[in-house]
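Asks: Shown below is the structure under consideration.
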Amino acid sequence: MRMRVGVIGGGQLARMMIPAAIDLGIDLRVLAENEGMAAELAAKSVGDYRNVDEVLRFCSEVDVVTFDHEHVPQEVLRALVDTGVAVHPGPDALLYAQDKLLMRAKLTELGLPTPEWAAVEDAAGLGAFLDEHGGAAVVKTARGGYDGKGVRVVRAAHEADDWFAALAEDANGGALLAEELVDFRRELAQSVARRPSGQVVAWPVVESIQRDGVCAEVIAPAPNPAGRLSDVAAEVATTIAEGLGVTGVLAVELFETTDERILVNELAMRPHNSGHWSIEGSTTSQFEQHLRAVLDLPLGPTGIVAPWAVMVNVLGGPASGTMADRYAGVFEDYPMAKVHNYGKEPRPGRKIGHVTVIGDDLDTVTYDARAAAAQFSD
Ligand SMILES: Nc1ncnc2c1ncn2[C@@H]1O[C@H](COP(=O)(O)OP(=O)(O)OP(=O)(O)O)[C@@H](O)[C@H]1O
Ligand SMILES: [Mg+2]
């Protein structure tokens with residue numbers, strides 16, 4: 001069996017596929033956006049993922065294509081499929097990770113629980129939505145959002161005027177997504193993996209803590225799950241993977257409401273920040289699983305190998321120098337901390353690495369993971 005896997009996008013998700021690929025003898029190649037990116041350690045080409053010719057050239061020498069992000073345009077994805085290369089996840093699935101309005105409509109069609117939502121085309125439409133939802137809403141751009149960019153809480157109809165104006169300029173036009181402001185107890189994430197031939201496996205549901213719209217910490221498994229929470233979360237994600245035909249890893253971001261309902265926030269069709277704990281914390285990491293899935297190989301067990309795994313992101317990093325300058329101190333004080341350095345330049349707010357600690361006692365594990373991660377930032 002030939003196992004040449006091409007990854008479009010050279011960020012940390014592609015980077016963390018590299019060790020799994022090495023272990024399995026998979027020939028992993030990366031199409032990076034620029035020189036000097038996180039996934040540079042793999043066989044690398046540099047090119048524009050929006051350019052059909054550049055992507056086709058990169059993909060002519062691989063058996064399977066997968067992704068570090070969901071921004072490859074549909075025209076490019078479809079051109080790839082036409083050449084006969086296996087694309088996982090495929091364009092019909094990725095569409096729903098690329099456009100939050102299409103995603104909301106599809107989830108509603110599948111009968112899955114989501115926040116109340118509407119497509120709004122102008123301030124009048126947003127005003128009507130606000131009137132129906134207690135005067136507050138979350139407005140999102142349908143495309144291109146990440147790390148909380150493109151998400152805004154509004155309490156007056158004019159507060160999204162800049163985004164409506166940008167839509168009016170855009171040849172594709174479109175609408176914004178308005179959602180009820182969910183009164184959530186906490187945010188959860190449920191990852192599953194699905195093979196093209198159908199097998200689906202689910203990891204334990206996890207709690208994810210966001211700060212300023214960015215994932216800061218993840219606790220696996222989610223503490224104190226009420227009733228059938230874990231089963232419901234896994235069922236929801238499995239229904240989505242099957243209903244949308246997702247191949248590879250699918251991460252479903254969820255809200256657990258104060259009245260104990262589960263609502264789907266959004267989808268990522270690739271390894272996800274909420275699954276980094278699985279590198280040390282699960283029998284099969286999300287990166288290995290993603291490679292197995294896109295190659296249509298039997299999937300690995302997804303159990304957690306210790307009672308708890310806590311992952312803390314390194315956001316920003318040291319004001320001067322690099323993460324590696326701090327290794328001696330961190331390894332001395334927190335020898336159990338597993339440090340992941342993405343090789344990225346420190347910059348305020350930027351995700352440049354993460355730390356995972358696994359163990360028996362949640363308070364100790366959380367303290368150690370936070371304290372070790374904190375030593376990498378000033
Ligand atoms: N309807 C909502 N009600 C309350 N809070 C919300 C709602 N939608 C989003 N949020 C908050 O905003 C955060 C970012 O929203 P969302 O996940 O849609 O955006 P994103 O920028 O695409 O995310 P990511 O950082 O995962 O790429 C959520 O994690 C949540 O904390
Ligand atoms: Mg999100």
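Here's how to read the names in the structure tokens: chain A, B, ... by the order shown, residue numbers from 1 in each chain, ligand numbers from 1 in the order shown.
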Counting only C-alpha atoms and all ligand atoms, which residues of chain A sit at most 12 Å from some atom of ligand 2, and what is each one's closest atom pair with its distance in Å to one decimal, listed by chain and rising residue number, as a tab-separated table?

Replies:
```
residue	atom	partner	partner_atom_place_in_ligand_line	distance
A:Ala97	CA	ligand 2	1 (Mg)	10.9
A:Lys100	CA	ligand 2	1 (Mg)	10.7
A:Lys140	CA	ligand 2	1 (Mg)	11.0
A:Gly144	CA	ligand 2	1 (Mg)	11.8
A:Gly145	CA	ligand 2	1 (Mg)	8.7
A:Tyr146	CA	ligand 2	1 (Mg)	6.9
A:Asp147	CA	ligand 2	1 (Mg)	6.6
A:Gly148	CA	ligand 2	1 (Mg)	6.9
A:Lys149	CA	ligand 2	1 (Mg)	9.7
A:Gly150	CA	ligand 2	1 (Mg)	10.4
A:Val151	CA	ligand 2	1 (Mg)	9.3
A:Glu187	CA	ligand 2	1 (Mg)	9.9
A:Leu188	CA	ligand 2	1 (Mg)	10.6
A:Ala189	CA	ligand 2	1 (Mg)	9.7
A:Ser208	CA	ligand 2	1 (Mg)	10.2
A:Ile209	CA	ligand 2	1 (Mg)	11.0
A:Gln210	CA	ligand 2	1 (Mg)	9.0
A:Arg211	CA	ligand 2	1 (Mg)	11.5
A:Asp212	CA	ligand 2	1 (Mg)	11.4
A:Gly213	CA	ligand 2	1 (Mg)	7.7
A:Val214	CA	ligand 2	1 (Mg)	7.9
A:Cys215	CA	ligand 2	1 (Mg)	8.2
A:Ala216	CA	ligand 2	1 (Mg)	12.0
A:Ala251	CA	ligand 2	1 (Mg)	10.0
A:Val252	CA	ligand 2	1 (Mg)	9.0
A:Glu253	CA	ligand 2	1 (Mg)	6.4
A:Leu254	CA	ligand 2	1 (Mg)	9.1
A:Phe255	CA	ligand 2	1 (Mg)	10.7
A:Val264	CA	ligand 2	1 (Mg)	10.4
A:Asn265	CA	ligand 2	1 (Mg)	7.1
A:Glu266	CA	ligand 2	1 (Mg)	5.9
A:Leu267	CA	ligand 2	1 (Mg)	7.7
A:Ala268	CA	ligand 2	1 (Mg)	8.4
A:His272	CA	ligand 2	1 (Mg)	10.0
A:Asn273	CA	ligand 2	1 (Mg)	10.0
A:Ser274	CA	ligand 2	1 (Mg)	10.1
```

Asks: So that I have them on file, write out the residues from the current selection with C-alpha atoms, as a CSV table (one decimal), in the first residue's frame.

Replies:
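The resulting again20.csv:
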```csv
chain,number,residue,atom,x,y,z
A,97,ALA,CA,-17.1,23.8,8.0
A,100,LYS,CA,-21.5,28.9,9.3
A,140,LYS,CA,-21.1,35.9,13.1
A,144,GLY,CA,-13.4,33.2,7.3
A,145,GLY,CA,-13.8,33.5,11.2
A,146,TYR,CA,-11.3,31.9,13.6
A,147,ASP,CA,-10.3,32.4,17.2
A,148,GLY,CA,-13.3,34.6,17.9
A,149,LYS,CA,-12.6,37.0,14.9
A,150,GLY,CA,-15.9,37.3,13.1
A,151,VAL,CA,-18.0,36.8,16.3
A,187,GLU,CA,-18.3,24.8,26.6
A,188,LEU,CA,-17.6,21.2,25.6
A,189,ALA,CA,-16.0,19.6,22.6
A,208,SER,CA,-12.9,23.7,26.8
A,209,ILE,CA,-12.3,27.0,28.4
A,210,GLN,CA,-12.1,30.0,26.0
A,211,ARG,CA,-10.6,33.4,26.9
A,212,ASP,CA,-11.2,36.4,24.5
A,213,GLY,CA,-12.7,33.9,22.0
A,214,VAL,CA,-9.6,31.8,22.0
A,215,CYS,CA,-9.2,28.3,23.5
A,216,ALA,CA,-7.1,28.6,26.7
A,251,ALA,CA,-14.5,18.2,16.3
A,252,VAL,CA,-17.9,19.5,17.4
A,253,GLU,CA,-17.9,22.5,19.7
A,254,LEU,CA,-20.8,22.4,22.0
A,255,PHE,CA,-22.5,24.5,24.6
A,264,VAL,CA,-23.9,22.6,18.7
A,265,ASN,CA,-21.8,25.7,18.3
A,266,GLU,CA,-19.5,24.9,15.3
A,267,LEU,CA,-17.6,22.2,13.5
A,268,ALA,CA,-14.0,21.6,12.5
A,272,HIS,CA,-8.7,20.5,16.7
A,273,ASN,CA,-7.2,22.3,19.7
A,274,SER,CA,-9.6,20.6,22.0
```

Asks: Do you know which residues are at most 9 Å from Leu229 (chain A) counting only C-alpha atoms, after dropping those on the same chain fewer than 6 positions away, and could you put them as a list in words?

Replies: Val205, Glu256, Glu260, Arg261 and Ile262 of chain A

Asks: Find, counting only C-alpha atoms, the residue in A:Val62, A:Tyr342, A:Ala166, A:Ala171 that gets nearest to Ala39 (chain A).

Replies: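 Residue with the minimum atom-to-atom distance to Ala39 (chain A): A:Tyr342.
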
Asks: Point out the residue among A:Arg186, A:His69, A:Arg350, A:Arg4 with the least atom-to-atom distance to Glu33 (chain A), counting only C-alpha atoms.

Replies: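 Under the stated criterion, the closest residue is A:His69.
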
Asks: Enumerate as a list in words all residues of region 272-350 of chain A assigned to strand (DSSP E) by DSSP on the backbone, naming them with the chain letters and numbers the document uses.

Replies: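 Going through region 272-350 of chain A, the strand (DSSP E) residues come out as Trp308, Ala309, Val310, Met311, Val312, Asn313, Val314, Leu315, Lys338, Val339, His340 and Asn341 of chain A.
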